[in-house]
>>> print(open('model_31.cif').read())   # mmCIF, C-alpha atoms
data_model
#
loop_
_atom_site.label_atom_id
_atom_site.label_comp_id
_atom_site.auth_asym_id
_atom_site.auth_seq_id
_atom_site.Cartn_x
_atom_site.Cartn_y
_atom_site.Cartn_z
CA GLN E 1 4.96 -42.92 -33.69
CA LYS E 2 5.70 -39.21 -33.99
CA GLU E 3 3.63 -37.29 -36.50
CA VAL E 4 6.71 -35.79 -38.17
CA GLU E 5 10.13 -37.40 -37.79
CA GLN E 6 13.54 -36.05 -38.66
CA ASN E 7 17.06 -37.15 -37.81
CA SER E 8 18.18 -34.73 -35.14
CA GLY E 9 21.76 -34.77 -36.40
CA PRO E 10 24.04 -33.05 -36.11
CA LEU E 11 24.72 -33.27 -39.82
CA SER E 12 28.10 -31.95 -40.82
CA VAL E 13 29.13 -31.26 -44.42
CA PRO E 14 32.10 -29.43 -45.92
CA GLU E 15 31.62 -26.12 -47.67
CA GLY E 16 30.51 -26.60 -51.27
CA ALA E 17 29.02 -30.06 -50.67
CA ILE E 18 25.38 -31.12 -50.94
CA ALA E 19 23.48 -31.35 -47.65
CA SER E 20 20.57 -33.80 -47.63
CA LEU E 21 17.86 -33.48 -44.98
CA ASN E 22 15.08 -36.03 -44.61
CA CYS E 23 11.63 -36.11 -43.04
CA THR E 24 8.82 -38.65 -42.77
CA TYR E 25 5.25 -38.08 -41.68
CA SER E 26 2.55 -40.38 -40.39
CA ASP E 27 -0.76 -38.83 -41.52
CA ARG E 28 -1.57 -39.78 -45.11
CA VAL E 29 -4.11 -36.98 -45.47
CA SER E 30 -1.41 -34.34 -45.00
CA GLN E 31 -1.63 -31.80 -47.79
CA SER E 32 1.19 -29.29 -47.55
CA PHE E 33 4.83 -29.61 -46.61
CA PHE E 34 7.34 -26.98 -45.59
CA TRP E 35 10.96 -26.52 -44.68
CA TYR E 36 11.93 -23.83 -42.21
CA ARG E 37 15.42 -22.70 -41.26
CA GLN E 38 16.03 -21.56 -37.70
CA TYR E 39 19.22 -19.90 -36.56
CA SER E 40 20.06 -20.14 -32.88
CA GLY E 41 18.00 -17.65 -30.87
CA LYS E 42 15.90 -16.63 -33.90
CA SER E 43 12.45 -17.53 -35.17
CA PRO E 44 11.79 -20.05 -37.97
CA GLU E 45 12.14 -18.71 -41.51
CA LEU E 46 10.23 -20.35 -44.37
CA ILE E 47 12.58 -21.48 -47.11
CA MET E 48 10.56 -24.00 -49.16
CA SER E 49 7.01 -25.25 -49.58
CA ILE E 50 5.88 -28.24 -51.65
CA TYR E 51 2.41 -29.61 -52.29
CA SER E 52 2.63 -32.24 -55.04
CA ASN E 53 4.84 -35.23 -55.70
CA GLY E 54 8.18 -34.58 -57.32
CA ASP E 55 10.88 -31.97 -57.04
CA LYS E 56 10.68 -28.25 -56.52
CA GLU E 57 13.79 -26.12 -56.97
CA ASP E 58 14.51 -22.62 -55.67
CA GLY E 59 18.07 -21.44 -56.09
CA ARG E 60 20.37 -23.76 -54.16
CA PHE E 61 17.43 -25.52 -52.48
CA THR E 62 15.47 -28.49 -53.83
CA ALA E 63 12.51 -29.99 -52.00
CA GLN E 64 11.37 -33.50 -52.88
CA LEU E 65 8.00 -35.03 -51.98
CA ASN E 66 6.86 -38.64 -52.23
CA LYS E 67 3.37 -38.99 -50.80
CA ALA E 68 3.24 -42.76 -51.35
CA SER E 69 6.28 -43.17 -49.09
CA GLN E 70 5.20 -40.28 -46.84
CA TYR E 71 8.61 -38.75 -47.28
CA VAL E 72 9.86 -35.24 -47.91
CA SER E 73 13.45 -34.10 -48.25
CA LEU E 74 15.50 -30.95 -48.70
CA LEU E 75 18.73 -30.76 -50.67
CA ILE E 76 21.05 -27.80 -50.26
CA ARG E 77 23.60 -27.52 -53.05
CA ASP E 78 26.92 -25.69 -52.72
CA SER E 79 26.47 -25.52 -48.94
CA GLN E 80 27.81 -22.40 -47.27
CA PRO E 81 28.79 -21.79 -43.64
CA SER E 82 25.82 -19.40 -43.47
CA ASP E 83 23.55 -22.42 -44.07
CA SER E 84 24.53 -23.74 -40.62
CA ALA E 85 21.25 -23.80 -38.72
CA THR E 86 18.48 -26.11 -37.57
CA TYR E 87 16.13 -27.17 -40.37
CA LEU E 88 12.54 -27.88 -39.38
CA CYS E 89 10.24 -30.02 -41.47
CA ALA E 90 6.58 -29.02 -41.10
CA VAL E 91 3.45 -30.78 -42.28
CA ASN E 92 0.04 -29.17 -42.62
CA LYS E 93 -2.46 -31.85 -41.60
CA ASN E 94 -5.65 -30.01 -42.47
CA ASN E 95 -6.77 -26.43 -42.53
CA ASN E 96 -4.40 -24.56 -40.23
CA ASP E 97 -3.03 -27.42 -38.12
CA MET E 98 0.75 -27.47 -38.68
CA ARG E 99 3.04 -30.01 -37.02
CA PHE E 100 6.80 -29.69 -36.83
CA GLY E 101 9.53 -32.28 -36.71
CA ALA E 102 12.21 -32.04 -34.05
CA GLY E 103 14.62 -30.44 -36.52
CA THR E 104 17.99 -31.40 -37.97
CA ARG E 105 21.00 -29.38 -36.94
CA LEU E 106 23.25 -28.72 -39.93
CA THR E 107 26.85 -27.54 -39.67
CA VAL E 108 28.73 -26.50 -42.82
CA LYS E 109 32.47 -26.47 -42.20
CA PRO E 110 34.65 -24.00 -44.13
CA ASP Z 111 5.94 -7.88 -47.31
CA THR Z 112 6.01 -10.97 -45.09
CA GLU Z 113 6.51 -9.19 -41.79
CA VAL Z 114 4.96 -10.24 -38.53
CA THR Z 115 5.89 -8.09 -35.55
CA GLN Z 116 5.83 -9.07 -31.89
CA THR Z 117 6.22 -7.07 -28.71
CA PRO Z 118 7.94 -7.15 -26.34
CA LYS Z 119 11.12 -8.91 -27.49
CA HIS Z 120 11.93 -9.97 -23.94
CA LEU Z 121 9.70 -10.26 -20.88
CA VAL Z 122 10.54 -11.20 -17.31
CA MET Z 123 7.58 -11.71 -15.02
CA GLY Z 124 6.85 -13.10 -11.60
CA MET Z 125 4.37 -15.88 -11.01
CA THR Z 126 1.76 -13.46 -9.69
CA ASN Z 127 2.02 -10.95 -12.52
CA LYS Z 128 -0.37 -10.34 -15.40
CA LYS Z 129 1.18 -9.45 -18.74
CA SER Z 130 0.28 -9.58 -22.42
CA LEU Z 131 2.16 -10.48 -25.57
CA LYS Z 132 1.22 -8.70 -28.77
CA CYS Z 133 1.45 -9.70 -32.42
CA GLU Z 134 0.60 -7.72 -35.54
CA GLN Z 135 0.59 -8.44 -39.27
CA HIS Z 136 -0.46 -6.34 -42.27
CA MET Z 137 -0.33 -9.00 -44.98
CA GLY Z 138 -4.09 -9.45 -45.12
CA HIS Z 139 -3.76 -12.89 -43.55
CA ARG Z 140 -6.86 -14.15 -41.81
CA ALA Z 141 -5.29 -16.98 -39.78
CA MET Z 142 -3.02 -16.27 -36.84
CA TYR Z 143 -1.22 -18.61 -34.48
CA TRP Z 144 0.53 -18.80 -31.15
CA TYR Z 145 3.35 -21.30 -30.69
CA LYS Z 146 5.54 -22.09 -27.70
CA GLN Z 147 9.13 -23.18 -28.28
CA LYS Z 148 11.45 -24.51 -25.60
CA ALA Z 149 15.19 -24.66 -26.15
CA LYS Z 150 16.30 -27.27 -28.71
CA LYS Z 151 12.67 -28.30 -29.32
CA PRO Z 152 10.35 -27.60 -32.26
CA PRO Z 153 7.53 -25.06 -32.01
CA GLU Z 154 4.40 -26.42 -30.34
CA LEU Z 155 1.05 -25.14 -31.52
CA MET Z 156 -1.02 -23.45 -28.79
CA PHE Z 157 -3.87 -21.59 -30.48
CA VAL Z 158 -5.19 -20.87 -33.96
CA TYR Z 159 -7.52 -18.04 -34.94
CA SER Z 160 -9.24 -18.16 -38.30
CA TYR Z 161 -11.24 -15.11 -39.34
CA GLU Z 162 -10.90 -13.78 -35.80
CA LYS Z 163 -12.50 -16.88 -34.29
CA LEU Z 164 -10.64 -19.40 -32.15
CA SER Z 165 -10.49 -22.58 -34.23
CA ILE Z 166 -7.83 -24.65 -32.45
CA ASN Z 167 -6.94 -24.74 -28.75
CA GLU Z 168 -4.34 -27.40 -28.07
CA SER Z 169 -5.44 -28.05 -24.47
CA VAL Z 170 -3.42 -25.10 -23.24
CA PRO Z 171 -3.73 -24.25 -19.51
CA SER Z 172 -6.15 -21.43 -18.73
CA ARG Z 173 -3.32 -19.24 -17.43
CA PHE Z 174 -2.78 -18.52 -21.15
CA SER Z 175 -5.67 -16.58 -22.68
CA PRO Z 176 -5.64 -15.64 -26.37
CA GLU Z 177 -7.50 -12.74 -27.93
CA CYS Z 178 -7.93 -11.62 -31.52
CA PRO Z 179 -9.30 -8.04 -31.48
CA ASN Z 180 -9.22 -7.71 -35.28
CA SER Z 181 -7.78 -9.36 -38.36
CA SER Z 182 -4.35 -7.77 -37.87
CA LEU Z 183 -3.82 -8.21 -34.15
CA LEU Z 184 -3.34 -11.17 -31.85
CA ASN Z 185 -2.74 -11.03 -28.12
CA LEU Z 186 -1.75 -13.62 -25.55
CA HIS Z 187 -2.69 -12.72 -21.99
CA LEU Z 188 -0.59 -14.30 -19.27
CA HIS Z 189 -1.57 -14.76 -15.64
CA ALA Z 190 -0.17 -16.82 -12.78
CA LEU Z 191 2.47 -18.49 -14.93
CA GLN Z 192 4.88 -21.13 -13.72
CA PRO Z 193 8.67 -21.20 -14.21
CA GLU Z 194 8.22 -24.06 -16.71
CA ASP Z 195 6.29 -21.65 -18.94
CA SER Z 196 9.57 -19.86 -19.69
CA ALA Z 197 10.08 -20.22 -23.44
CA LEU Z 198 10.13 -18.40 -26.77
CA TYR Z 199 6.58 -17.49 -27.76
CA LEU Z 200 6.10 -17.25 -31.49
CA CYS Z 201 3.29 -15.66 -33.44
CA ALA Z 202 2.63 -16.64 -37.06
CA SER Z 203 0.10 -15.80 -39.73
CA SER Z 204 -1.11 -17.34 -42.97
CA ARG Z 205 -3.90 -17.30 -45.51
CA PRO Z 206 -6.70 -19.54 -44.27
CA GLY Z 207 -8.78 -21.92 -46.33
CA GLN Z 208 -7.78 -24.60 -48.80
CA GLY Z 209 -4.51 -24.77 -50.62
CA ALA Z 210 -1.10 -23.45 -49.70
CA ARG Z 211 -0.85 -22.18 -46.19
CA GLU Z 212 2.67 -21.00 -45.65
CA GLN Z 213 3.01 -19.66 -42.13
CA TYR Z 214 5.21 -16.63 -41.53
CA PHE Z 215 6.66 -16.21 -38.08
CA GLY Z 216 7.37 -13.12 -36.07
CA PRO Z 217 10.68 -12.71 -34.20
CA GLY Z 218 9.18 -14.07 -30.97
CA THR Z 219 8.98 -12.95 -27.36
CA ARG Z 220 11.51 -14.51 -24.99
CA LEU Z 221 9.58 -15.04 -21.75
CA THR Z 222 11.21 -15.77 -18.42
CA VAL Z 223 9.00 -16.57 -15.42
CA THR Z 224 10.73 -16.08 -12.05
#
>>> encode(input="model_31.cif", output="structure tokens")
Amino acid sequence: QKEVEQNSGPLSVPEGAIASLNCTYSDRVSQSFFWYRQYSGKSPELIMSIYSNGDKEDGRFTAQLNKASQYVSLLIRDSQPSDSATYLCAVNKNNNDMRFGAGTRLTVKP
Amino acid sequence: DTEVTQTPKHLVMGMTNKKSLKCEQHMGHRAMYWYKQKAKKPPELMFVYSYEKLSINESVPSRFSPECPNSSLLNLHLHALQPEDSALYLCASSRPGQGAREQYFGPGTRLTVT
């Protein structure tokens, strides 16, 4: 079982729709959870972090965490073509040990 | 300021060359990381320095040698690399210790081994 699992996609949504990205993790002691956006040929950019159960909203982005189900998700409202990228789920196991999922490729069609 | 800088942006080296990648941050972060990323794959952790001491070494071959001269700088020395080592090498930094540890990435060095 992979430590962090994501659907690789591609996920395609029309402009203005809600994009839903999902991630599960295997290590119950994981403490911190992150979503990174990576455009082709660029480095990962941190867009959301979440540490406790529930929802966390930042602009058009909402991260959701359920530690009992070992599940974290990212919702992107009013999706724009500029949101087209690969979204990486990352889980901080302990101290500085971060593990990434394989990433979900999102395409937002105008 | 969440800027991490890396030099060079691109590097082409032969299998007998010795080269170094450099990373710098001025955010006061005391944890710094090297990752390797192959095309269409997620970043893979190579090394972690916490308070200038190597804390994690993910069984990386000895042809990769990290160095942390001070709290702002991180180097990766390369020697006798193989073509399969061609990848994007990413540096990141974060606050160490308990609690939130968002990692901020530099732009990366695109390495090609010929």
>>> interface_residues(input="model_31.cif", of="chain E", to="chain Z", cutoff="8 Å", atoms="only C-alpha atoms", output="list in words")
Ser32, Phe34, Lys42, Ser43, Pro44, Glu45, Leu46, Ser49, Tyr51, Leu88, Asn92, Asn95, Asn96, Asp97, Met98, Arg99, Phe100, Gly101, Ala102 and Gly103 of chain E
>>> residues_around(input="model_31.cif", residues="range 180-186 of chain Z", least_positions_apart="3", cutoff="7 Å", atoms="all atoms listed in the file", output="ChimeraX atom specification")
/Z:130-136,140,161-162,174-177
>>> residues_around(input="model_31.cif", residues="range 11-13 of chain E", least_positions_apart="4", cutoff="12 Å", atoms="only C-alpha atoms", output="list in words")
Gln6, Asn7, Ala17, Ile18, Ala19, Ser20, Leu21, Asn22, Ile76, Arg77, Asp78, Ser79, Gln80, Pro81, Asp83, Ser84, Ala85, Thr86, Tyr87, Gly103, Thr104, Arg105, Leu106, Thr107, Val108, Lys109 and Pro110 of chain E
>>> write_last_selection(input="model_31.cif", atoms="C-alpha atoms", output="PDB file, in the frame of the given file")
ATOM      1  CA  GLN E   6      13.540 -36.050 -38.660  1.00  0.00           C
ATOM      2  CA  ASN E   7      17.060 -37.150 -37.810  1.00  0.00           C
ATOM      3  CA  ALA E  17      29.020 -30.060 -50.670  1.00  0.00           C
ATOM      4  CA  ILE E  18      25.380 -31.120 -50.940  1.00  0.00           C
ATOM      5  CA  ALA E  19      23.480 -31.350 -47.650  1.00  0.00           C
ATOM      6  CA  SER E  20      20.570 -33.800 -47.630  1.00  0.00           C
ATOM      7  CA  LEU E  21      17.860 -33.480 -44.980  1.00  0.00           C
ATOM      8  CA  ASN E  22      15.080 -36.030 -44.610  1.00  0.00           C
ATOM      9  CA  ILE E  76      21.050 -27.800 -50.260  1.00  0.00           C
ATOM     10  CA  ARG E  77      23.600 -27.520 -53.050  1.00  0.00           C
ATOM     11  CA  ASP E  78      26.920 -25.690 -52.720  1.00  0.00           C
ATOM     12  CA  SER E  79      26.470 -25.520 -48.940  1.00  0.00           C
ATOM     13  CA  GLN E  80      27.810 -22.400 -47.270  1.00  0.00           C
ATOM     14  CA  PRO E  81      28.790 -21.790 -43.640  1.00  0.00           C
ATOM     15  CA  ASP E  83      23.550 -22.420 -44.070  1.00  0.00           C
ATOM     16  CA  SER E  84      24.530 -23.740 -40.620  1.00  0.00           C
ATOM     17  CA  ALA E  85      21.250 -23.800 -38.720  1.00  0.00           C
ATOM     18  CA  THR E  86      18.480 -26.110 -37.570  1.00  0.00           C
ATOM     19  CA  TYR E  87      16.130 -27.170 -40.370  1.00  0.00           C
ATOM     20  CA  GLY E 103      14.620 -30.440 -36.520  1.00  0.00           C
ATOM     21  CA  THR E 104      17.990 -31.400 -37.970  1.00  0.00           C
ATOM     22  CA  ARG E 105      21.000 -29.380 -36.940  1.00  0.00           C
ATOM     23  CA  LEU E 106      23.250 -28.720 -39.930  1.00  0.00           C
ATOM     24  CA  THR E 107      26.850 -27.540 -39.670  1.00  0.00           C
ATOM     25  CA  VAL E 108      28.730 -26.500 -42.820  1.00  0.00           C
ATOM     26  CA  LYS E 109      32.470 -26.470 -42.200  1.00  0.00           C
ATOM     27  CA  PRO E 110      34.650 -24.000 -44.130  1.00  0.00           C
TER      28      PRO E 110
END
>>> resolve_selection(input="model_31.cif", expression="the PyMOL selection byres ((chain E and resi 23) around 6)", output="PyMOL selection string")
chain E and resi 5-6+22+24+71-73
>>> write_last_selection(input="model_31.cif", atoms="C-alpha atoms", output="CSV table (one decimal), in the frame of the given file")
chain,number,residue,atom,x,y,z
E,5,GLU,CA,10.1,-37.4,-37.8
E,6,GLN,CA,13.5,-36.0,-38.7
E,22,ASN,CA,15.1,-36.0,-44.6
E,24,THR,CA,8.8,-38.6,-42.8
E,71,TYR,CA,8.6,-38.8,-47.3
E,72,VAL,CA,9.9,-35.2,-47.9
E,73,SER,CA,13.4,-34.1,-48.2
>>> closest_residue(input="model_31.cif", among="Z:Lys163, Z:Thr115, Z:Pro193, Z:Pro171", to="Met137 in chain Z", atoms="only C-alpha atoms")
Z:Thr115
>>> atom_distance(input="model_31.cif", atom1="CA of Gly124 in chain Z", atom2="CA of Glu168 in chain Z")
24.5 Å
>>> atom_distance(input="model_31.cif", atom1="CA of Trp144 in chain Z", atom2="CA of Ala63 in chain E")
26.5 Å
>>> atom_distance(input="model_31.cif", atom1="CA of Pro10 in chain E", atom2="CA of Ser40 in chain E")
13.9 Å
